[in-house]
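The block underneath contains the structure these notes are about, expressed in structure tokens.
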Amino acid sequence: MAFLIRTIDFTASGREIVRDRTVDAAAVNIGRAAENDIHLPDLAVEQRHVRISDAGGGMLKIEAVGGLEFGIDGRSTMGADVDPNIGAELSLGSSRLAISRDGDGPVQIVIKQVEKDEGAGDALQNFALASALPSKRAMAWVFSLAILVLLLSVPIITHLTRTPVENDPENITEGQVLFDAAWSAGELSMAHHELEGNCEACHVTPFVSVQDETCLTCHEELGDHAKMPRLKEGMAPLSTGDAIQWSIAESLGKEGPLGCVSCHSEHEGPVKLEASDEKFCADCHNDLDTRLTDVAFGNASDFGKKHPQFRPQFFTAHFDKNPKRVSLDKNPKEMSGLIFPHDIHVSETGGAARMAISLPQYGAPLECSDCHAEEEDGVGFAPVAMEDSCEACHSLVFDRAGPNFRNLRHGDVDDLMEDLATMGRGSRGSIVTGRDRPGQFARGGTYYSNFGRPMSAYISINRALEPTGVCGECHIPTMTNGRRDLTPVNLPDRFLMRGFFNHKEHGDDVAECSDCHATDTSKEATDLLIPDLESCRDCHLGETAVKTEEIVPSSCAMCHGYHTPTMPWRPEDHPKLPGNGGSDSVAAILSSLRR
Amino acid sequence: MASVPNNRFKQDEARRNADHVSFLKHKKYRYLWIALLLSIVSGLGYALIDQEPRPNGGSWYGYTLGTIGLLLIVWLSLLGVRKRKITTGAWSLKAWTSAHVYLGLALIVVGTLHTGFQIGWNVHTLAYFLMLLVIITGIYGVIVYATLPASLSSNRKEMTRAQMLEALTALDRQLESAAQPLGREQSDLVISALGQDVFYGGALARLTGAYPGCKTNKALKGIGTASAAEERVHTLLTKRAEQLGQIRRHLRIRALLEVWLFIHIPATIALLAALLAHVVSVFYYW
């Protein structure tokens, strides 16, 4: 078998020196020793390293003779069969022996020295993914700097350098701080939604929590639940946990449990602030008298279990200038100055009923609404006007002028006297008989007048103002400066001043008037027909009561307002916002179960 | 005197035993139990403490969880510092790594409860999602470190990376001479195949193992087996493609092993920045 061995060396100037020789042998030995067919003076090569022989079928067998491996096509091995027609590269130390054959020609072995690859280490670095991606450090710098600049520095700098603007609820301005929308922990409540882009309206000073003072720049009309030192005195002692929390919070500048934000927490999404629960009120009002000994009202914790009797406000004596609050437990009498038995008027039988049936405007026994007209808001009733509600039966007709009847004017005793003084001008007897004036001046004529003393008028006035007279039907006669007069009518516009009651919510489908107002047994106008606590409790029990067809669980906020304790019906223009729905968190469910 | 070597033996034995326990099983899963306890306590507290009007990062419980979360994040990120310090003592790197993994997982619970499930387009949620990104890539990292090194090893077939490159160079030298008889068009195909960088292709190519622009494959398609010379080149190109395939499988496994760090590390640093912005902004606009 013939091997063509070609050695390629390079001169110092880089020129190739090619030496060819042919070895005709069964095998070729390669090694460092001089007796080898191919002698490689390289310490990395064994004395006798590799032997190449014919493996038959055109294949060559390459085997390691010593203990060291050799490289074939870059892989280390102790032996390999190669097809010289395809070619292979044998590597030994720094020599590369390319084995090939053209057709049936001799096997060519081309020997070249390779220079040590200086860049091999660098090439290995390419195996790491780092070579195909930006460096972790660079990415970390870029991202963190972007965050620190855009989301921290820009808002802080623009906040510190802004021109402070007075808050104006009528004309809300856009905020001047840039990118602070990214600081918002959540949408504002519905009521404050317009402030969404104006964080500094509330967050005025850096690292200082939102102050009550800032809230009050817009909510200046808001009433106090009580004045500050008193409010604090009345407050129930905090639990240990809450006390610790608040002492930490207050040391950091929060305004304490009585500050606006302790109830009005914001950034909870577009929700409405729900009325507080019963416990919120009961915490202080359950035993308020132990802390505030001078309060006029009783303790309360639950409408069904602990609530003072109602103390409506009305006139307790005739001629009083101001109404007084008296507990219904004291069986109070209302001195309205009127005489009015409700029982006769609401009875379905008897004179009043017959009278009403006979009158076309009623046509049936009287009902409450015949006199008491509900006001448009459905909350209360319009004052009863005598002319509209009473006069159909209690006629004030006193004279007839031609085809028309003359009515006494109602409301002022002077008017009454004036009207009655004109009475009987044409019907007095003549002084002399048999001699009449002629024409228009005669009795019955247009210009006839009797200039005598109006005795009958005086009598009528006196009779009208007597207890049995026309006025005395409803009014209590009295004397003013020696003159007959009537006791003034003293009716308050509103009886319940500290609680809110809406008649509309208690309409026909809920109750009849007489279910709460004992009209059918009331014989005197002095009966105060305001229902008492017990009658409300027929349906309304505390927040924790079980809701049934009849029972309505009622928290304090149903009738009372925290910020408007004396006028819970205010503010009338408070926006009506949809509710939020119940909370479905586990904690909320558990706490409702505990209740 | 005799007791000294005895002690030494015990010490060394304990050390040897510890050396062969995975960081996941360190000290009988000590940190897994700690992390589970932390998660369960946080969850129970969240469920049972009624925060008015609703759970929120700004309630006392929210601040508590937030503080725990912040301290955990800062400590977890210090693994990068700790692993560069060769120290001895109770705080072994393995214990540290074990705690890093398990407490990092517990952070999902602590961090999520701290949010009170209030998510929005703000710096707070940014910090939360960066945290989740870091944790998720970390989970991926643990999984690939446990599974991929075996396939990396089996793909090597006892070759070093240098040998893989060397094998390719050997094939290239043979191709150079074998392609001498070829015509212009086919020679150009060989030139372009040899001229293409072994590490051609970006990160995506490495991760997917898809190299649509591979010139060796293109040359393989263009050079048939019509003549002996062509057949020889074709065979060498096939070998080259196989060798490239091995290198690329290696690259793919390496990429899959390493890619998570390219998110985990920058996202951690970004998270620390976002946390700073989160905490400062919350108290700046208090």
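Labeling convention for the structure tokens: chains A, B, ... as they appear, residues from 1 per chain, ligands from 1 in order of appearance.
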* So which residues touch Thr487 in chain A within 8 Å, counting only C-alpha atoms, skipping near sequence neighbours fewer than 2 positions away, as a list of chain:residue names? -> A:His318, A:Phe319, A:Gly337, A:His475, A:Ile476, A:Pro477, A:Thr478, A:Asp485, A:Val489
* Name all residues at most 6 Å from range 240-256 of chain B (count only C-alpha atoms; drop same-chain ones fewer than 5 positions away) and give them as a VMD selection string. => (chain A and resid 127 129) or (chain B and resid 206 to 207 209)
So that I have them on file, write out the residues from the current selection with N, CA and C atoms, as a short mmCIF file (atom, residue, chain, number, x, y, z; two decimals), in the first residue's frame.
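Okay, part19.cif is ready:
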data_model
loop_
_atom_site.label_atom_id
_atom_site.label_comp_id
_atom_site.auth_asym_id
_atom_site.auth_seq_id
_atom_site.Cartn_x
_atom_site.Cartn_y
_atom_site.Cartn_z
N PHE A 127 -19.57 30.53 24.35
CA PHE A 127 -20.55 29.52 24.73
C PHE A 127 -21.54 30.05 25.76
N LEU A 129 -24.28 32.51 27.44
CA LEU A 129 -25.37 33.31 26.88
C LEU A 129 -25.06 34.80 26.95
N ARG B 206 -30.37 30.92 20.05
CA ARG B 206 -29.77 30.01 21.01
C ARG B 206 -30.84 29.31 21.84
N LEU B 207 -31.84 30.08 22.26
CA LEU B 207 -32.87 29.52 23.14
C LEU B 207 -33.76 28.52 22.41
N GLY B 209 -32.95 27.09 19.38
CA GLY B 209 -32.20 26.13 18.57
C GLY B 209 -32.55 26.23 17.09
#
Rows by chain and residue number, chain B within 6 Å of chain A, shortest pair, only C-alpha atoms, as JSON lines:
{"residue": "B:Ala47", "atom": "CA", "partner": "A:Ala587", "partner_atom": "CA", "distance": 5.2}
{"residue": "B:Leu48", "atom": "CA", "partner": "A:Ala587", "partner_atom": "CA", "distance": 5.0}
{"residue": "B:Ile49", "atom": "CA", "partner": "A:Ala587", "partner_atom": "CA", "distance": 5.9}
{"residue": "B:Asp50", "atom": "CA", "partner": "A:Ala587", "partner_atom": "CA", "distance": 4.8}
{"residue": "B:Asn122", "atom": "CA", "partner": "A:Ala182", "partner_atom": "CA", "distance": 4.1}
{"residue": "B:Val123", "atom": "CA", "partner": "A:Ala182", "partner_atom": "CA", "distance": 5.4}
{"residue": "B:Gln163", "atom": "CA", "partner": "A:Gly74", "partner_atom": "CA", "distance": 5.9}
{"residue": "B:Glu166", "atom": "CA", "partner": "A:Gly74", "partner_atom": "CA", "distance": 5.2}
{"residue": "B:Ala167", "atom": "CA", "partner": "A:Gly74", "partner_atom": "CA", "distance": 3.4}
{"residue": "B:Ala170", "atom": "CA", "partner": "A:Asp73", "partner_atom": "CA", "distance": 5.4}
{"residue": "B:Gly202", "atom": "CA", "partner": "A:Ala132", "partner_atom": "CA", "distance": 5.5}
{"residue": "B:Ala203", "atom": "CA", "partner": "A:Ala132", "partner_atom": "CA", "distance": 5.1}
{"residue": "B:Arg232", "atom": "CA", "partner": "A:Ile86", "partner_atom": "CA", "distance": 5.0}
{"residue": "B:Leu251", "atom": "CA", "partner": "A:Phe127", "partner_atom": "CA", "distance": 5.9}
{"residue": "B:Ala255", "atom": "CA", "partner": "A:Leu129", "partner_atom": "CA", "distance": 5.2}
{"residue": "B:Phe262", "atom": "CA", "partner": "A:Lys136", "partner_atom": "CA", "distance": 5.6}
{"residue": "B:Pro266", "atom": "CA", "partner": "A:Ala140", "partner_atom": "CA", "distance": 3.9}
{"residue": "B:Ile269", "atom": "CA", "partner": "A:Ala140", "partner_atom": "CA", "distance": 5.5}
{"residue": "B:Ala270", "atom": "CA", "partner": "A:Ser144", "partner_atom": "CA", "distance": 4.3}
{"residue": "B:Ala273", "atom": "CA", "partner": "A:Ser144", "partner_atom": "CA", "distance": 5.2}
{"residue": "B:Ala277", "atom": "CA", "partner": "A:Leu152", "partner_atom": "CA", "distance": 5.3}
{"residue": "B:Phe283", "atom": "CA", "partner": "A:Phe207", "partner_atom": "CA", "distance": 5.2}
{"residue": "B:Tyr284", "atom": "CA", "partner": "A:Phe207", "partner_atom": "CA", "distance": 4.2}
{"residue": "B:Tyr285", "atom": "CA", "partner": "A:His203", "partner_atom": "CA", "distance": 5.4}
{"residue": "B:Trp286", "atom": "CA", "partner": "A:Ser209", "partner_atom": "CA", "distance": 4.3}
* Mind checking which residues fall within 7 Å of range 23-40 of chain B, counting only C-alpha atoms, ignoring those fewer than 3 positions away in the same chain, and posting them as a PyMOL selection string? => chain B and resi 43-44+94-95+97-99+102-103+106+109-110
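For the set A:Gly439, A:Cys215, A:Glu278, A:Met235, the residue with the smallest atom-to-atom gap to Val261 in chain A is A:Cys215, counting only C-alpha atoms.
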* Asked: Got a sec to tell me which of range 167-258 of chain B DSSP assigns to helix (DSSP H, G or I), as a ChimeraX atom specification?
  -> /B:167-178,184-195,203-208,215-222,228-258
* Asked: Which residues come within 12 Å of Glu348 in chain A, counting only C-alpha atoms, excluding same-chain residues fewer than 3 positions away, as a list of chain:residue names?
  ->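 The filter keeps A:His342, A:Asp343, A:Ile344, A:His345, A:Gly351, A:Ala352, A:Ala353, A:Arg354, A:Met355, A:Ala356, A:Ile357, A:Ala364, A:Pro365, A:Leu366, A:Glu367, A:Cys368, A:Asp520.
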Mind dumping the selected residues with N, CA and C atoms as a compact mmCIF listing (two decimals), in the first residue's frame?
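Result file selection_15.txt:
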# COMPACT_ATOMS: atom_id res chain seq x y z
N HIS A 342 -108.84 64.92 67.93
CA HIS A 342 -108.61 64.12 66.72
C HIS A 342 -109.66 63.02 66.59
N ASP A 343 -110.11 62.44 67.75
CA ASP A 343 -110.98 61.25 67.68
C ASP A 343 -112.28 61.54 66.95
N ILE A 344 -112.88 62.72 67.23
CA ILE A 344 -114.15 63.05 66.58
C ILE A 344 -113.94 63.19 65.08
N HIS A 345 -112.82 63.80 64.71
CA HIS A 345 -112.60 64.07 63.29
C HIS A 345 -112.28 62.83 62.48
N GLY A 351 -120.96 62.83 63.84
CA GLY A 351 -121.28 64.07 63.16
C GLY A 351 -120.25 64.49 62.13
N ALA A 352 -119.00 64.44 62.54
CA ALA A 352 -117.96 64.90 61.62
C ALA A 352 -117.96 64.05 60.36
N ALA A 353 -118.09 62.74 60.54
CA ALA A 353 -118.10 61.84 59.39
C ALA A 353 -119.31 62.14 58.51
N ARG A 354 -120.51 62.33 59.14
CA ARG A 354 -121.72 62.61 58.34
C ARG A 354 -121.53 63.90 57.56
N MET A 355 -120.99 64.87 58.22
CA MET A 355 -120.78 66.16 57.59
C MET A 355 -119.86 66.02 56.37
N ALA A 356 -118.75 65.29 56.58
CA ALA A 356 -117.79 65.13 55.48
C ALA A 356 -118.42 64.39 54.32
N ILE A 357 -119.24 63.37 54.63
CA ILE A 357 -119.89 62.61 53.57
C ILE A 357 -120.80 63.54 52.76
N ALA A 364 -116.73 61.41 51.94
CA ALA A 364 -116.45 60.22 52.74
C ALA A 364 -116.02 60.71 54.10
N PRO A 365 -116.00 59.85 55.13
CA PRO A 365 -115.48 60.28 56.43
C PRO A 365 -114.07 60.84 56.26
N LEU A 366 -113.68 61.73 57.14
CA LEU A 366 -112.39 62.40 56.99
C LEU A 366 -111.21 61.43 57.10
N GLU A 367 -110.20 61.73 56.30
CA GLU A 367 -108.93 60.99 56.43
C GLU A 367 -107.86 61.98 56.86
N CYS A 368 -106.75 61.45 57.33
CA CYS A 368 -105.66 62.32 57.80
C CYS A 368 -105.22 63.27 56.70
N ASP A 520 -107.24 58.14 66.89
CA ASP A 520 -108.63 57.74 67.13
C ASP A 520 -109.00 57.73 68.62
* If we count only C-alpha atoms, what is near range 55-62 of chain B at a cut-off of 8 Å, once residues fewer than 6 positions away on the same chain are taken out, given as a PyMOL selection string? -> (chain A and resi 245) or (chain B and resi 46+113-116+118)
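Taking only C-alpha atoms, the non-local environment of Lys305 in chain A within 10 Å (same-chain residues fewer than 6 positions away omitted) comprises A:Arg537, A:Leu541, A:Gly542.
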* To do: Please measure the separation of CA of Val190 in chain B and CA of Ala226 in chain B, giving the value in Å to one decimal.
  =>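 Here the two named atoms are 16.1 Å from each other.
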Need to verify the contact set: Pro565 in chain A, 12 Å, only C-alpha atoms, exclusion of same-chain residues closer than 4 positions in sequence. Can you return it as a compact mmCIF listing (two decimals) with N, CA and C atoms, in the first residue's frame?
# COMPACT_ATOMS: atom_id res chain seq x y z
N LEU A 222 -68.84 72.17 57.14
CA LEU A 222 -69.15 70.93 57.84
C LEU A 222 -69.31 71.16 59.35
N GLY A 223 -70.37 70.58 59.90
CA GLY A 223 -70.63 70.76 61.33
C GLY A 223 -69.74 69.86 62.17
N ASP A 224 -69.49 70.31 63.41
CA ASP A 224 -68.72 69.47 64.33
C ASP A 224 -69.66 68.48 64.99
N HIS A 225 -69.16 67.28 65.21
CA HIS A 225 -69.95 66.31 65.97
C HIS A 225 -70.05 66.83 67.41
N ALA A 226 -68.96 67.36 67.87
CA ALA A 226 -68.91 68.10 69.13
C ALA A 226 -67.64 68.91 69.05
N LYS A 227 -67.51 69.91 69.90
CA LYS A 227 -66.29 70.70 69.85
C LYS A 227 -65.10 69.86 70.33
N CYS A 281 -70.58 54.22 66.65
CA CYS A 281 -71.25 55.18 67.54
C CYS A 281 -71.23 54.67 68.98
N LEU A 496 -88.98 66.27 65.93
CA LEU A 496 -87.76 65.51 66.26
C LEU A 496 -86.57 66.22 65.61
N MET A 497 -85.74 66.80 66.44
CA MET A 497 -84.66 67.63 65.92
C MET A 497 -83.33 66.89 65.80
N ARG A 498 -83.15 65.79 66.48
CA ARG A 498 -81.84 65.12 66.48
C ARG A 498 -81.84 63.84 65.66
N GLY A 499 -83.02 63.49 65.20
CA GLY A 499 -83.10 62.26 64.41
C GLY A 499 -83.83 62.55 63.12
N PHE A 500 -83.54 61.77 62.14
CA PHE A 500 -84.14 61.96 60.83
C PHE A 500 -85.27 60.96 60.65
N CYS A 556 -77.44 53.16 63.69
CA CYS A 556 -77.62 54.54 64.13
C CYS A 556 -77.80 55.49 62.95
N ALA A 557 -77.01 55.19 61.87
CA ALA A 557 -76.96 56.12 60.76
C ALA A 557 -78.27 56.21 60.00
N CYS A 559 -81.02 57.14 61.23
CA CYS A 559 -81.70 58.35 61.69
C CYS A 559 -80.73 59.48 62.04
N HIS A 560 -79.47 59.14 62.33
CA HIS A 560 -78.55 60.17 62.82
C HIS A 560 -77.40 60.40 61.84
N GLY A 561 -76.85 61.62 61.89
CA GLY A 561 -75.70 61.95 61.06
C GLY A 561 -74.54 62.37 61.95
N TRP A 569 -80.92 65.88 58.71
CA TRP A 569 -81.44 65.91 57.34
C TRP A 569 -80.56 66.73 56.42
N ARG A 570 -79.52 67.33 56.99
CA ARG A 570 -78.62 68.13 56.16
C ARG A 570 -77.32 67.37 55.89
N PRO A 571 -76.53 67.74 54.88
CA PRO A 571 -76.84 68.74 53.87
C PRO A 571 -77.81 68.16 52.84
* Asked: Quick one, how far is CA of Ile263 in chain B from CA of Ser77 in chain B?
  ->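 These atoms are spaced 13.5 Å apart.
Between Phe315 in chain A and the residues A:Asn490, A:Thr480, A:Asn29, A:Asn404, the shortest atom-to-atom distance, using only C-alpha atoms, involves A:Asn490.
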